[in-house]
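Shown next, in structure tokens, is the structure this report addresses.
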Amino acid sequence: MGTSKAIVSFCGLPLICRGLKRLGPAADELIITTNDHPSLDFLCGDVRYDDKLKLYSDVYDVRGALNGLFTALYYAANPYVGIVACDMVFPSAPLLLAERDALEGSGADVAVPVTSHGYEPFHAVYRRETCLPLVQAALLDGQTRATSWYEQARLYEFTPAMALEADHRGGAFVNVNTPEELIAMERRIMAGAMTKISDETT
């Protein structure tokens with residue numbers, strides 16, 4: 001992207017604000033894992049997030065998605081932790097809440113969506129008590145992939161049909177990785193907004 005995905009402009013706001021706006025009302029706390037606090041300090045003064053929002057640097061000095069996952073679990077104060085990537089355009093609070101309910105009812109460690117591309121670890125809900133030691137062990141073993149420890153965990157797999165039942169709008173796993181993808185997605189969203197306005201005025 002050429003810069004931090006979290007702060008790249010998307011539909012007039014930093015991309016991370018889109019996720020916070022969509023997920024904030026459903027969360028008891030909002031944790032952002034970042035090693036670049038200055039670029040995100042502006043969020044802490046935003047009254048929309050009240051006292052929910054906290055920024056934390058990685059616990060370990062190790063690169064990789066697994067370290068960010070561990071850091072979020074490590075600092076979380078609640079028993080269930082929803083993990084979402086900052087570059088997801090349509091993160092879904094209803095889906096995360098359905099995953100949380102699945103953990104409560106099943107006793108599993110992770111409620112994770114499964115698509116044709118595999119697991120979606122960054123739109124999943126984790127049981128903090130049981131996942132934290134598993135993730136730490138994988139980190140200390142030199143692993144970096146977010147799913148490297150899944151074989152040791154009890155998974156509750158959300159099929160595409162289950163995800164769509166939780167949130168019929170779909171699209172929860174769509175992300176943007178390049179400036180071209182970002183521009184194309186902005187245009188799609190704006191075109192959809194204009195179509196809706198047109199429909200409402202005719």
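Identifiers for the structure tokens are assigned positionally: chains receive A, B, ... in sequence, residues are indexed from 1 per chain, and ligands are indexed from 1 in the order shown.
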
Write out as JSON, numbers by chain all residues of region 66-202 of chain A that backbone DSSP assigns to helix (DSSP H, G or I).
-> {"A": [66, 67, 68, 69, 70, 71, 72, 73, 74, 75, 93, 94, 95, 96, 97, 98, 99, 100, 101, 102, 103, 104, 105, 106, 128, 129, 130, 131, 132, 133, 134, 135, 136, 137, 138, 139, 140, 150, 151, 152, 160, 161, 162, 163, 164, 165, 166, 179, 180, 181, 182, 183, 184, 185, 186, 187, 188, 189, 190, 191, 192, 193, 194, 195, 196, 197, 198, 199, 200, 201]}

Restrict the calculation to only C-alpha atoms, then for each residue of region 23-107 of chain A with any atom at most 8 Å from an atom of region 132-147 of chain A give the closest atom pair and their distance in Å to one decimal, rows by chain and rising residue number, as a Markdown table.
| residue | atom | partner | partner_atom | distance |
| --- | --- | --- | --- | --- |
| A:Arg63 | CA | A:Thr144 | CA | 7.3 |
| A:Gly64 | CA | A:Thr144 | CA | 4.9 |
| A:Ala65 | CA | A:Ala146 | CA | 5.4 |
| A:Leu66 | CA | A:Ala146 | CA | 4.3 |
| A:Asn67 | CA | A:Leu139 | CA | 7.0 |
| A:Leu69 | CA | A:Ala146 | CA | 7.0 |
| A:Phe70 | CA | A:Val135 | CA | 6.1 |
| A:Leu73 | CA | A:Leu132 | CA | 6.2 |
| A:Tyr74 | CA | A:Leu132 | CA | 6.8 |

Enumerate, as a ChimeraX atom specification, the complete set of residues in region 8-200 of chain A that a backbone-based DSSP assignment places in strand (DSSP E or B).
-> /A:9-10,13-14,30-33,53-56,80-84,88,110-115,118-119,123-127,155-158,175

For Tyr75 (chain A), which residue out of A:Ala172, A:Val89, A:Leu55, A:Ala6 is the nearest one, using only C-alpha atoms?
->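 Smallest separation from Tyr75 (chain A) among the options: A:Leu55.
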
I'd like a table as JSON lines: residues in region 68-163 of chain A with an atom no more than 12 Å from region 9-18 of chain A, each row giving the shortest atom pair and its distance in Å to one decimal, only C-alpha atoms counted, sorted by chain and rising residue number.
{"residue": "A:Val84", "atom": "CA", "partner": "A:Ile16", "partner_atom": "CA", "distance": 10.5}
{"residue": "A:Ala85", "atom": "CA", "partner": "A:Ile16", "partner_atom": "CA", "distance": 9.0}
{"residue": "A:Cys86", "atom": "CA", "partner": "A:Ile16", "partner_atom": "CA", "distance": 5.4}
{"residue": "A:Asp87", "atom": "CA", "partner": "A:Leu15", "partner_atom": "CA", "distance": 6.8}
{"residue": "A:Met88", "atom": "CA", "partner": "A:Leu15", "partner_atom": "CA", "distance": 8.6}
{"residue": "A:Val89", "atom": "CA", "partner": "A:Arg18", "partner_atom": "CA", "distance": 7.2}
{"residue": "A:Phe90", "atom": "CA", "partner": "A:Arg18", "partner_atom": "CA", "distance": 8.2}
{"residue": "A:Pro91", "atom": "CA", "partner": "A:Arg18", "partner_atom": "CA", "distance": 8.6}
{"residue": "A:Ser92", "atom": "CA", "partner": "A:Arg18", "partner_atom": "CA", "distance": 11.1}

Let me see the file: selected residues, N, CA and C atoms, as a PDB file, in the first residue's frame.
ATOM      1  N   VAL A  84      -9.904  -8.812  14.386  1.00  0.00           N
ATOM      2  CA  VAL A  84     -10.251  -8.370  13.032  1.00  0.00           C
ATOM      3  C   VAL A  84      -9.083  -7.593  12.456  1.00  0.00           C
ATOM      4  N   ALA A  85      -8.761  -7.848  11.195  1.00  0.00           N
ATOM      5  CA  ALA A  85      -7.684  -7.124  10.522  1.00  0.00           C
ATOM      6  C   ALA A  85      -8.143  -5.713  10.170  1.00  0.00           C
ATOM      7  N   CYS A  86      -7.203  -4.770  10.212  1.00  0.00           N
ATOM      8  CA  CYS A  86      -7.561  -3.364   9.987  1.00  0.00           C
ATOM      9  C   CYS A  86      -7.882  -3.074   8.530  1.00  0.00           C
ATOM     10  N   ASP A  87      -7.531  -3.981   7.607  1.00  0.00           N
ATOM     11  CA  ASP A  87      -7.788  -3.712   6.191  1.00  0.00           C
ATOM     12  C   ASP A  87      -9.063  -4.370   5.684  1.00  0.00           C
ATOM     13  N   MET A  88      -9.888  -4.891   6.591  1.00  0.00           N
ATOM     14  CA  MET A  88     -11.179  -5.448   6.182  1.00  0.00           C
ATOM     15  C   MET A  88     -12.175  -4.307   5.997  1.00  0.00           C
ATOM     16  N   VAL A  89     -12.850  -4.321   4.863  1.00  0.00           N
ATOM     17  CA  VAL A  89     -13.723  -3.209   4.488  1.00  0.00           C
ATOM     18  C   VAL A  89     -15.110  -3.336   5.101  1.00  0.00           C
ATOM     19  N   PHE A  90     -15.593  -4.564   5.280  1.00  0.00           N
ATOM     20  CA  PHE A  90     -16.933  -4.781   5.817  1.00  0.00           C
ATOM     21  C   PHE A  90     -16.913  -5.690   7.047  1.00  0.00           C
ATOM     22  N   PRO A  91     -16.099  -5.398   8.060  1.00  0.00           N
ATOM     23  CA  PRO A  91     -16.101  -6.256   9.250  1.00  0.00           C
ATOM     24  C   PRO A  91     -17.494  -6.291   9.867  1.00  0.00           C
ATOM     25  N   SER A  92     -17.876  -7.456  10.359  1.00  0.00           N
ATOM     26  CA  SER A  92     -19.266  -7.676  10.752  1.00  0.00           C
ATOM     27  C   SER A  92     -19.424  -7.926  12.247  1.00  0.00           C
TER      28      SER A  92
END

Proximity to Trp149 (chain A) - best of A:Arg169, A:Pro38, A:Glu99, A:Val110, only C-alpha atoms =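 Of all the options, A:Val110 lies closest to Trp149 (chain A).
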
For Arg100 (chain A): contacts at 8 Å, only C-alpha atoms, fewer than 3 positions along chain excluded, given as a compact mmCIF listing (two decimals) with C-alpha atoms, in the first residue's frame:
# COMPACT_ATOMS: atom_id res chain seq x y z
CA TYR A 80 -13.84 -13.76 24.49
CA GLY A 82 -12.76 -10.93 18.52
CA LEU A 96 -18.50 -11.80 15.60
CA LEU A 97 -21.37 -11.96 18.08
CA LEU A 103 -17.87 -20.46 21.79
CA GLU A 104 -20.11 -20.09 24.81
CA ALA A 111 -14.86 -19.86 16.41
CA VAL A 125 -13.40 -15.05 18.13

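Distances from A:Thr115, A:Ser39, A:Asn78, A:Ser57 to Ala163 (chain A) were compared using only C-alpha atoms, and the smallest one belongs to A:Thr115.
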